[in-house]
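File shown here: start07.cif, holding mmCIF, C-alpha atoms.
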data_run
#
loop_
_atom_site.group_PDB
_atom_site.id
_atom_site.type_symbol
_atom_site.label_atom_id
_atom_site.label_comp_id
_atom_site.auth_asym_id
_atom_site.auth_seq_id
_atom_site.Cartn_x
_atom_site.Cartn_y
_atom_site.Cartn_z
ATOM 1 C CA MET A 861 95.349 72.987 87.291
ATOM 2 C CA PRO A 862 99.001 73.270 88.338
ATOM 3 C CA LEU A 863 100.955 70.037 88.597
ATOM 4 C CA LEU A 864 101.334 68.534 92.049
ATOM 5 C CA PRO A 865 104.727 69.542 93.492
ATOM 6 C CA ALA A 866 106.201 66.026 93.380
ATOM 7 C CA LEU A 867 104.995 65.495 89.808
ATOM 8 C CA ALA A 868 106.331 68.901 88.786
ATOM 9 C CA ARG A 869 109.782 68.056 90.173
ATOM 10 C CA TRP A 870 109.762 64.718 88.326
ATOM 11 C CA TRP A 871 108.735 66.476 85.114
ATOM 12 C CA ARG A 872 111.591 68.993 85.350
ATOM 13 C CA ARG A 873 114.155 66.251 86.027
ATOM 14 C CA THR A 874 113.096 63.664 83.435
ATOM 15 C CA VAL A 875 111.776 65.602 80.445
ATOM 16 C CA ARG A 876 114.388 66.779 77.948
ATOM 17 C CA PRO A 877 115.810 70.123 79.087
ATOM 18 C CA PRO A 878 114.354 73.102 77.228
ATOM 19 C CA LYS A 879 116.484 75.049 74.774
ATOM 20 C CA PRO A 880 118.384 77.887 76.503
ATOM 21 C CA ILE A 881 117.211 81.456 76.136
ATOM 22 C CA PRO A 882 118.948 82.875 73.035
ATOM 23 C CA GLU A 883 122.140 84.751 73.871
ATOM 24 C CA ARG A 884 121.094 88.012 72.211
ATOM 25 C CA LEU A 885 117.786 88.060 74.055
ATOM 26 C CA TRP A 886 119.418 87.179 77.377
ATOM 27 C CA GLN A 887 122.080 89.876 77.067
ATOM 28 C CA ALA A 888 119.450 92.481 76.177
ATOM 29 C CA THR A 889 117.569 91.567 79.364
ATOM 30 C CA LEU A 890 120.690 91.916 81.502
ATOM 31 C CA VAL A 891 121.450 95.314 79.964
ATOM 32 C CA HIS A 892 117.973 96.625 80.760
ATOM 33 C CA TYR A 893 118.018 95.622 84.446
ATOM 34 C CA ALA A 894 121.080 96.963 86.248
ATOM 35 C CA PHE A 895 120.581 94.726 89.294
ATOM 36 C CA LEU A 896 120.940 91.673 87.036
ATOM 37 C CA GLN A 897 124.180 93.028 85.588
ATOM 38 C CA ARG A 898 125.514 93.125 89.158
ATOM 39 C CA LEU A 899 125.460 89.315 89.358
ATOM 40 C CA SER A 900 128.621 87.318 88.800
ATOM 41 C CA ALA A 901 129.017 85.444 85.522
ATOM 42 C CA GLY A 902 128.276 82.189 87.344
ATOM 43 C CA ASP A 903 125.118 83.538 88.897
ATOM 44 C CA GLN A 904 123.982 84.953 85.561
ATOM 45 C CA ALA A 905 124.414 81.516 83.975
ATOM 46 C CA ARG A 906 122.483 79.911 86.840
ATOM 47 C CA LEU A 907 119.727 82.501 86.522
ATOM 48 C CA ARG A 908 119.533 81.898 82.791
ATOM 49 C CA ARG A 909 118.994 78.176 83.391
ATOM 50 C CA LEU A 910 116.319 78.879 85.995
ATOM 51 C CA ALA A 911 114.563 81.330 83.680
ATOM 52 C CA THR A 912 114.701 78.811 80.820
ATOM 53 C CA TYR A 913 112.930 76.160 82.899
ATOM 54 C CA PHE A 914 110.502 78.777 84.242
ATOM 55 C CA LEU A 915 109.462 79.685 80.701
ATOM 56 C CA ALA A 916 108.994 76.018 79.819
ATOM 57 C CA HIS A 917 106.457 75.538 82.627
ATOM 58 C CA LYS A 918 104.536 78.818 82.716
ATOM 59 C CA GLU A 919 101.930 80.201 80.337
ATOM 60 C CA PHE A 920 101.762 83.895 79.457
ATOM 61 C CA SER A 921 98.647 85.635 78.227
ATOM 62 C CA GLY A 922 98.018 89.246 77.299
ATOM 63 C CA ALA A 923 95.001 91.227 78.474
ATOM 64 C CA HIS A 924 93.251 93.896 76.401
ATOM 65 C CA GLY A 925 94.914 92.747 73.201
ATOM 66 C CA LEU A 926 98.489 92.889 74.507
ATOM 67 C CA ARG A 927 100.736 90.621 72.446
ATOM 68 C CA ILE A 928 103.365 88.836 74.548
ATOM 69 C CA THR A 929 106.785 88.791 72.920
ATOM 70 C CA ASP A 930 109.744 86.583 73.788
ATOM 71 C CA ALA A 931 111.518 89.626 75.222
ATOM 72 C CA MET A 932 108.618 90.350 77.573
ATOM 73 C CA ALA A 933 108.465 86.763 78.793
ATOM 74 C CA VAL A 934 112.224 86.606 79.390
ATOM 75 C CA ALA A 935 112.142 89.914 81.295
ATOM 76 C CA VAL A 936 109.543 88.487 83.681
ATOM 77 C CA ALA A 937 111.271 85.115 83.984
ATOM 78 C CA ALA A 938 114.676 86.573 84.843
ATOM 79 C CA GLN A 939 113.281 88.797 87.589
ATOM 80 C CA ALA A 940 110.896 86.168 88.939
ATOM 81 C CA CYS A 941 113.729 83.639 89.268
ATOM 82 C CA LEU A 942 116.166 85.994 90.987
ATOM 83 C CA PRO A 943 114.880 85.169 94.514
ATOM 84 C CA LEU A 944 115.327 81.452 93.708
ATOM 85 C CA LEU A 945 118.911 81.793 92.540
ATOM 86 C CA HIS A 946 120.541 79.933 95.448
ATOM 87 C CA LEU A 947 117.604 77.861 96.694
ATOM 88 C CA GLY A 948 118.113 74.820 94.468
ATOM 89 C CA PRO A 949 120.879 72.196 94.443
ATOM 90 C CA PRO A 950 124.057 73.124 92.515
ATOM 91 C CA ASP A 951 123.463 70.457 89.846
ATOM 92 C CA THR A 952 119.704 71.040 89.449
ATOM 93 C CA PRO A 953 119.003 74.684 90.366
ATOM 94 C CA GLU A 954 115.658 74.404 88.600
ATOM 95 C CA ASP A 955 114.377 72.398 91.580
ATOM 96 C CA ALA A 956 113.925 75.760 93.301
ATOM 97 C CA LEU A 957 111.035 76.420 90.930
ATOM 98 C CA GLY A 958 108.982 74.256 93.286
ATOM 99 C CA TRP A 959 108.256 77.513 95.112
ATOM 100 C CA TYR A 960 106.106 78.443 92.104
ATOM 101 C CA ASP A 961 104.404 75.113 91.468
ATOM 102 C CA ASP A 962 100.987 76.293 92.690
ATOM 103 C CA PHE A 963 100.218 78.172 89.474
ATOM 104 C CA VAL A 964 100.897 78.229 85.737
ATOM 105 C CA GLY A 965 99.370 81.418 84.347
ATOM 106 C CA ILE A 966 100.921 84.890 84.138
ATOM 107 C CA VAL A 967 98.588 87.585 82.836
ATOM 108 C CA MET A 968 100.197 90.708 81.402
ATOM 109 C CA HIS A 969 98.353 94.026 81.112
ATOM 110 C CA PRO A 970 99.352 96.925 78.842
ATOM 111 C CA ALA A 971 98.933 99.336 81.770
ATOM 112 C CA ASP A 972 98.013 99.262 85.442
ATOM 113 C CA ALA A 973 94.826 97.304 86.055
ATOM 114 C CA VAL A 974 91.784 98.638 87.905
ATOM 115 C CA ALA A 975 90.207 96.089 90.234
ATOM 116 C CA PRO A 976 86.851 96.533 92.004
ATOM 117 C CA ARG A 977 87.129 96.079 95.771
ATOM 118 C CA GLN A 978 84.830 96.124 98.760
ATOM 119 C CA VAL A 979 85.493 96.439 102.473
ATOM 120 C CA MET A 980 83.246 96.334 105.512
ATOM 121 C CA ASP A 981 83.825 98.972 108.196
ATOM 122 C CA HIS A 982 83.389 98.530 111.953
ATOM 123 C CA ALA A 983 79.726 99.528 111.680
ATOM 124 C CA GLY A 984 79.040 96.754 109.183
ATOM 125 C CA VAL A 985 78.704 99.109 106.207
ATOM 126 C CA VAL A 986 80.190 97.766 102.962
ATOM 127 C CA HIS A 987 82.200 100.296 100.953
ATOM 128 C CA HIS A 988 82.985 99.773 97.260
ATOM 129 C CA TYR A 989 86.054 101.253 95.626
ATOM 130 C CA ALA A 990 88.476 100.741 92.745
ATOM 131 C CA GLU A 991 92.115 99.853 93.304
ATOM 132 C CA VAL A 992 94.815 100.544 90.719
ATOM 133 C CA LEU A 993 97.262 97.630 90.527
ATOM 134 C CA SER A 994 100.625 97.211 88.835
ATOM 135 C CA GLY A 995 100.628 93.571 89.880
ATOM 136 C CA GLU A 996 98.782 90.992 91.923
ATOM 137 C CA ALA A 997 99.519 87.443 93.093
ATOM 138 C CA MET A 998 96.569 85.192 93.833
ATOM 139 C CA GLN A 999 96.616 82.295 96.288
ATOM 140 C CA ASP A 1000 96.864 79.079 94.207
ATOM 141 C CA GLY A 1001 96.158 81.201 91.147
ATOM 142 C CA PRO A 1002 97.856 83.262 88.459
ATOM 143 C CA VAL A 1003 100.081 86.298 88.734
ATOM 144 C CA MET A 1004 98.992 89.556 87.108
ATOM 145 C CA LEU A 1005 101.590 92.107 85.993
ATOM 146 C CA SER A 1006 101.538 95.466 84.252
ATOM 147 C CA TRP A 1007 104.101 95.474 81.438
ATOM 148 C CA PRO A 1008 105.175 99.127 81.985
ATOM 149 C CA ALA A 1009 105.775 98.311 85.666
ATOM 150 C CA VAL A 1010 107.769 95.215 84.715
ATOM 151 C CA GLN A 1011 110.022 97.503 82.678
ATOM 152 C CA GLY A 1012 110.390 99.778 85.686
ATOM 153 C CA GLU A 1013 108.323 102.679 84.368
ATOM 154 C CA GLY A 1014 106.924 104.806 87.172
ATOM 155 C CA MET A 1015 108.578 102.646 89.811
ATOM 156 C CA GLY A 1016 110.862 103.869 92.581
ATOM 157 C CA ALA A 1017 114.590 103.202 92.562
ATOM 158 C CA ALA A 1018 114.224 100.319 95.020
ATOM 159 C CA SER A 1019 110.963 98.976 93.561
ATOM 160 C CA ASN A 1020 110.348 95.908 91.428
ATOM 161 C CA VAL A 1021 106.852 94.641 90.741
ATOM 162 C CA VAL A 1022 107.950 91.191 89.545
ATOM 163 C CA ILE A 1023 110.008 90.435 92.650
ATOM 164 C CA HIS A 1024 107.188 91.835 94.792
ATOM 165 C CA GLU A 1025 104.522 89.551 93.385
ATOM 166 C CA PHE A 1026 106.678 86.440 93.198
ATOM 167 C CA VAL A 1027 107.895 86.683 96.793
ATOM 168 C CA HIS A 1028 104.202 86.972 97.679
ATOM 169 C CA LYS A 1029 103.901 83.563 96.004
ATOM 170 C CA MET A 1030 106.718 82.285 98.215
ATOM 171 C CA ASP A 1031 105.036 83.757 101.282
ATOM 172 C CA MET A 1032 101.778 82.037 100.306
ATOM 173 C CA GLN A 1033 103.453 78.628 100.524
ATOM 174 C CA ALA A 1034 102.881 78.845 104.288
ATOM 175 C CA GLY A 1035 99.114 78.924 103.702
ATOM 176 C CA GLY A 1036 98.587 82.620 103.037
ATOM 177 C CA ALA A 1037 100.509 85.843 102.592
ATOM 178 C CA ARG A 1038 101.416 86.971 106.116
ATOM 179 C CA GLY A 1039 104.947 88.235 105.693
ATOM 180 C CA ALA A 1040 106.349 85.010 107.154
ATOM 181 C CA PRO A 1041 107.341 82.496 104.447
ATOM 182 C CA PRO A 1042 108.208 78.868 105.197
ATOM 183 C CA LEU A 1043 111.704 78.861 106.667
ATOM 184 C CA PRO A 1044 114.472 76.380 105.820
ATOM 185 C CA ARG A 1045 115.741 73.874 108.353
ATOM 186 C CA GLY A 1046 118.270 75.475 110.691
ATOM 187 C CA PHE A 1047 117.274 79.010 109.754
ATOM 188 C CA MET A 1048 119.555 81.441 111.668
ATOM 189 C CA GLY A 1049 120.675 78.517 113.840
ATOM 190 C CA ALA A 1050 117.137 77.588 114.937
ATOM 191 C CA ARG A 1051 116.678 74.044 116.227
ATOM 192 C CA SER A 1052 113.025 73.757 115.204
ATOM 193 C CA ALA A 1053 110.445 75.318 112.900
ATOM 194 C CA ARG A 1054 108.797 76.981 115.893
ATOM 195 C CA GLU A 1055 112.081 78.529 116.994
ATOM 196 C CA ALA A 1056 112.761 79.727 113.442
ATOM 197 C CA ALA A 1057 109.308 81.330 113.218
ATOM 198 C CA ALA A 1058 109.825 83.020 116.576
ATOM 199 C CA HIS A 1059 113.174 84.414 115.429
ATOM 200 C CA TRP A 1060 111.562 85.747 112.259
ATOM 201 C CA ALA A 1061 108.768 87.396 114.214
ATOM 202 C CA ARG A 1062 111.210 89.034 116.657
ATOM 203 C CA THR A 1063 113.086 90.500 113.710
ATOM 204 C CA TRP A 1064 110.281 91.524 111.379
ATOM 205 C CA ALA A 1065 107.382 92.585 113.620
ATOM 206 C CA PRO A 1066 109.216 95.505 115.326
ATOM 207 C CA ALA A 1067 110.621 96.646 111.973
ATOM 208 C CA TYR A 1068 107.148 96.628 110.417
ATOM 209 C CA HIS A 1069 105.567 98.597 113.249
ATOM 210 C CA ALA A 1070 108.398 101.151 113.235
ATOM 211 C CA PHE A 1071 108.056 101.546 109.464
ATOM 212 C CA ARG A 1072 104.286 101.923 109.738
ATOM 213 C CA GLU A 1073 104.707 104.654 112.367
ATOM 214 C CA GLN A 1074 107.185 106.453 110.138
ATOM 215 C CA VAL A 1075 104.724 106.409 107.234
ATOM 216 C CA ILE A 1076 101.866 107.617 109.459
ATOM 217 C CA ARG A 1077 103.976 110.528 110.738
ATOM 218 C CA ALA A 1078 104.911 111.432 107.186
ATOM 219 C CA GLU A 1079 101.306 111.412 106.004
ATOM 220 C CA ARG A 1080 99.832 113.225 109.008
ATOM 221 C CA PHE A 1081 102.571 115.624 110.013
ATOM 222 C CA GLY A 1082 104.629 116.122 106.895
ATOM 223 C CA GLU A 1083 107.716 114.318 108.127
ATOM 224 C CA PRO A 1084 109.990 112.814 105.434
ATOM 225 C CA LEU A 1085 108.670 109.700 103.762
ATOM 226 C CA PRO A 1086 110.783 106.573 104.266
ATOM 227 C CA TRP A 1087 113.079 105.324 101.548
ATOM 228 C CA LEU A 1088 111.123 102.092 101.122
ATOM 229 C CA ASP A 1089 107.793 102.157 99.304
ATOM 230 C CA ALA A 1090 105.191 103.381 101.791
ATOM 231 C CA TYR A 1091 102.839 100.659 100.527
ATOM 232 C CA GLY A 1092 104.801 98.325 102.780
ATOM 233 C CA ALA A 1093 103.046 99.919 105.761
ATOM 234 C CA SER A 1094 99.664 98.496 104.690
ATOM 235 C CA ALA A 1095 100.268 94.955 106.016
ATOM 236 C CA PRO A 1096 103.104 92.677 107.173
ATOM 237 C CA ALA A 1097 102.895 90.738 103.886
ATOM 238 C CA GLU A 1098 103.361 93.942 101.901
ATOM 239 C CA PHE A 1099 106.256 95.011 104.131
ATOM 240 C CA PHE A 1100 107.961 91.684 103.435
ATOM 241 C CA ALA A 1101 107.437 92.028 99.680
ATOM 242 C CA VAL A 1102 108.600 95.664 99.597
ATOM 243 C CA ALA A 1103 111.662 94.754 101.666
ATOM 244 C CA CYS A 1104 112.506 91.933 99.250
ATOM 245 C CA GLU A 1105 112.287 94.341 96.317
ATOM 246 C CA ALA A 1106 114.849 96.628 97.908
ATOM 247 C CA HIS A 1107 116.999 93.711 99.050
ATOM 248 C CA PHE A 1108 117.493 92.540 95.470
ATOM 249 C CA VAL A 1109 117.427 95.880 93.641
ATOM 250 C CA GLU A 1110 119.338 98.152 96.066
ATOM 251 C CA PRO A 1111 121.028 95.665 98.432
ATOM 252 C CA GLU A 1112 123.719 98.004 99.759
ATOM 253 C CA ARG A 1113 121.359 100.719 100.932
ATOM 254 C CA PHE A 1114 118.833 98.209 102.228
ATOM 255 C CA ALA A 1115 121.524 96.509 104.316
ATOM 256 C CA GLN A 1116 122.627 99.868 105.714
ATOM 257 C CA GLU A 1117 119.121 100.935 106.726
ATOM 258 C CA PHE A 1118 117.738 97.518 107.756
ATOM 259 C CA PRO A 1119 120.738 95.380 108.754
ATOM 260 C CA ALA A 1120 118.719 92.815 110.731
ATOM 261 C CA LEU A 1121 116.188 92.363 107.923
ATOM 262 C CA ALA A 1122 118.970 92.119 105.334
ATOM 263 C CA ALA A 1123 120.674 89.405 107.373
ATOM 264 C CA SER A 1124 117.470 87.387 107.671
ATOM 265 C CA LEU A 1125 116.781 87.711 103.932
ATOM 266 C CA ARG A 1126 120.321 86.654 103.034
ATOM 267 C CA GLU A 1127 119.805 83.581 105.215
ATOM 268 C CA PHE A 1128 116.356 82.837 103.779
ATOM 269 C CA PHE A 1129 117.517 83.203 100.167
ATOM 270 C CA LYS A 1130 120.808 81.412 100.987
ATOM 271 C CA GLN A 1131 122.943 84.393 100.034
ATOM 272 C CA LYS A 1132 125.891 83.972 102.350
ATOM 273 C CA GLU A 1133 127.502 87.275 101.463
ATOM 274 C CA PRO A 1134 126.013 90.696 100.602
ATOM 275 C CA ALA A 1135 125.858 91.447 96.902
ATOM 276 C CA ALA A 1136 128.796 93.395 95.534
ATOM 277 C CA PRO A 1137 128.132 97.044 94.637
ATOM 278 C CA VAL A 1138 127.507 98.015 91.033
ATOM 279 C CA GLN A 1139 130.723 99.035 89.303
#

Here is a file; write its structure as structure tokens.
Amino acid sequence: MPLLPALARWWRRTVRPPKPIPERLWQATLVHYAFLQRLSAGDQARLRRLATYFLAHKEFSGAHGLRITDAMAVAVAAQACLPLLHLGPPDTPEDALGWYDDFVGIVMHPADAVAPRQVMDHAGVVHHYAEVLSGEAMQDGPVMLSWPAVQGEGMGAASNVVIHEFVHKMDMQAGGARGAPPLPRGFMGARSAREAAAHWARTWAPAYHAFREQVIRAERFGEPLPWLDAYGASAPAEFFAVACEAHFVEPERFAQEFPALAASLREFFKQKEPAAPVQ
């Protein structure tokens, strides 16, 4: 079972710090992911520390005979910790890992996984189908990831499966993935948690419904598909996760197309200024 949050924080603060990720391995990870190269030297050092602690407290396992290498684990850790970059105190940034204290296991697949599903229609008939997954986050459970998707293979320019699944984990801290994560005190100037939640809903609900309509028009009438992954139209939680992918991977374009959402995400992730463009 995962450690209780308070015990996990104590463990991170009192146990001897883990050895840093080797320089060669860290630099190879930054080279592979352009959005990590965009970070300042200070933020890269902070991310490296976060990823080091992440690796010390998570357990990786390979499905279907996949052997997990250090490079694979570091690639996941660096991307998973990116949303947490500014959420911890300056002297102990690893405290932000409390967002991920509800699980330990990360299961890696050599390809997309096929999961059996069932759904009941309005007439009460149960339909069985198979869903192809590049990743999945389970409430109070492990995270599943496809290694090719982690590397970015077959993913859109603004897509990132690791960020997607780990912000689902953040969303789940409110009791379930609903596209409305727990908000920090004073979020966007709110005086109470209720006011903060209302502000979030006023910002995100209209954007989700407009995006869903755009996807429906594209699928039914051949209009252009939106820039964001159309999977975001399937539920508010998926819209939140897809938006977070774009926010971290293609922040300039995301801010241009969704300025209100970008502002709320910068506030939530404590990014006071938009990320600088890639040079």

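The space between CA of Pro1096 in chain A and CA of Gly1039 in chain A spans 5.0 Å.
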
(request) Would you kindly translate the PyMOL selection byres ((chain A and resi 1100) around 10) into the concrete residues it picks from this file, as a list in words? (result) His1024, Val1027, His1028, Asp1031, Ala1037, Arg1038, Gly1039, Ala1040, Pro1041, Trp1064, Tyr1068, Gly1092, Ala1093, Ala1095, Pro1096, Ala1097, Glu1098, Phe1099, Ala1101, Val1102, Ala1103, Cys1104, Glu1105, Leu1121 and Leu1125 of chain A

(message) the PyMOL selection byres ((chain A and resi 887) around 12) - which residues does that actually catch in the file I just gave you? List them as a ChimeraX atom specification.
(response) /A:881-886,888-894,896-897,901,904-905,908,931,934-935,938

Build an axis-aligned box that encloses every atom of range 1018-1030 of chain A listed in the file, pad it by 3 Å on each side, and report its centre and edge lengths in Å to one decimal, as AutoDock Vina command-line options.
--center_x 109.1 --center_y 91.3 --center_z 93.9 --size_x 16.3 --size_y 24.0 --size_z 14.7

(message) Counting all atoms listed in the file, which residues have an atom no more than 7 Å from (100.9, 78.1, 91.0) in the file's coordinates? Please list them as a ChimeraX atom specification.
(response) /A:862,960-964,1000-1002

(request) Measure the distance from CA of Lys1029 in chain A to CA of Trp959 in chain A in Å and round it to one decimal. (result)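 Between these atoms lies a distance of 7.5 Å.
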
(message) Let me make sure I understand: among A:Ala971, A:His917, A:Gln1033, A:Glu1127, which one has the smallest atom-to-atom distance to Arg1045 in chain A if we use all atoms listed in the file?
(response) A:Glu1127

(request) Please indicate the distance in Å from CA of Leu944 in chain A to CA of Lys1132 in chain A, rounded to one decimal place. (result) 13.9 Å

(request) Between A:Gly1082, A:Gly902, A:Pro970, A:Gly965, single out the one closest to His946 in chain A, counting only C-alpha atoms. (result)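 Closest candidate: A:Gly902.
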
(request) Between A:Ala1090, A:Leu899, A:Met1015, A:Ala1067, single out the one closest to Ala1122 in chain A, counting only C-alpha atoms. (result)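 Checking each candidate against Ala1122 in chain A, we get A:Ala1067 as the closest.
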
Within 9 Å of file point (104.1, 104.4, 109.1), counting only C-alpha atoms, expressed as a tab-separated table (two decimals) with C-alpha atoms, in the frame of the given file:
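Now in point.tsv:
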chain	number	residue	atom	x	y	z
A	1068	TYR	CA	107.15	96.63	110.42
A	1069	HIS	CA	105.57	98.60	113.25
A	1070	ALA	CA	108.40	101.15	113.24
A	1071	PHE	CA	108.06	101.55	109.46
A	1072	ARG	CA	104.29	101.92	109.74
A	1073	GLU	CA	104.71	104.65	112.37
A	1074	GLN	CA	107.18	106.45	110.14
A	1075	VAL	CA	104.72	106.41	107.23
A	1076	ILE	CA	101.87	107.62	109.46
A	1077	ARG	CA	103.98	110.53	110.74
A	1078	ALA	CA	104.91	111.43	107.19
A	1079	GLU	CA	101.31	111.41	106.00
A	1085	LEU	CA	108.67	109.70	103.76
A	1086	PRO	CA	110.78	106.57	104.27
A	1090	ALA	CA	105.19	103.38	101.79
A	1092	GLY	CA	104.80	98.32	102.78
A	1093	ALA	CA	103.05	99.92	105.76
A	1094	SER	CA	99.66	98.50	104.69

(request) Kindly indicate which residue among A:Ala916, A:Ala1120, A:Ala940, A:Ala973 lies nearest to Pro1066 in chain A, using all atoms listed in the file for the distances. (result) A:Ala1120

(message) Please determine, counting all atoms listed in the file, which residue among A:Gly925, A:Gly948, A:Pro1111, A:Pro1119 has the shortest atom-to-atom distance to Thr1063 in chain A.
(response) A:Pro1119
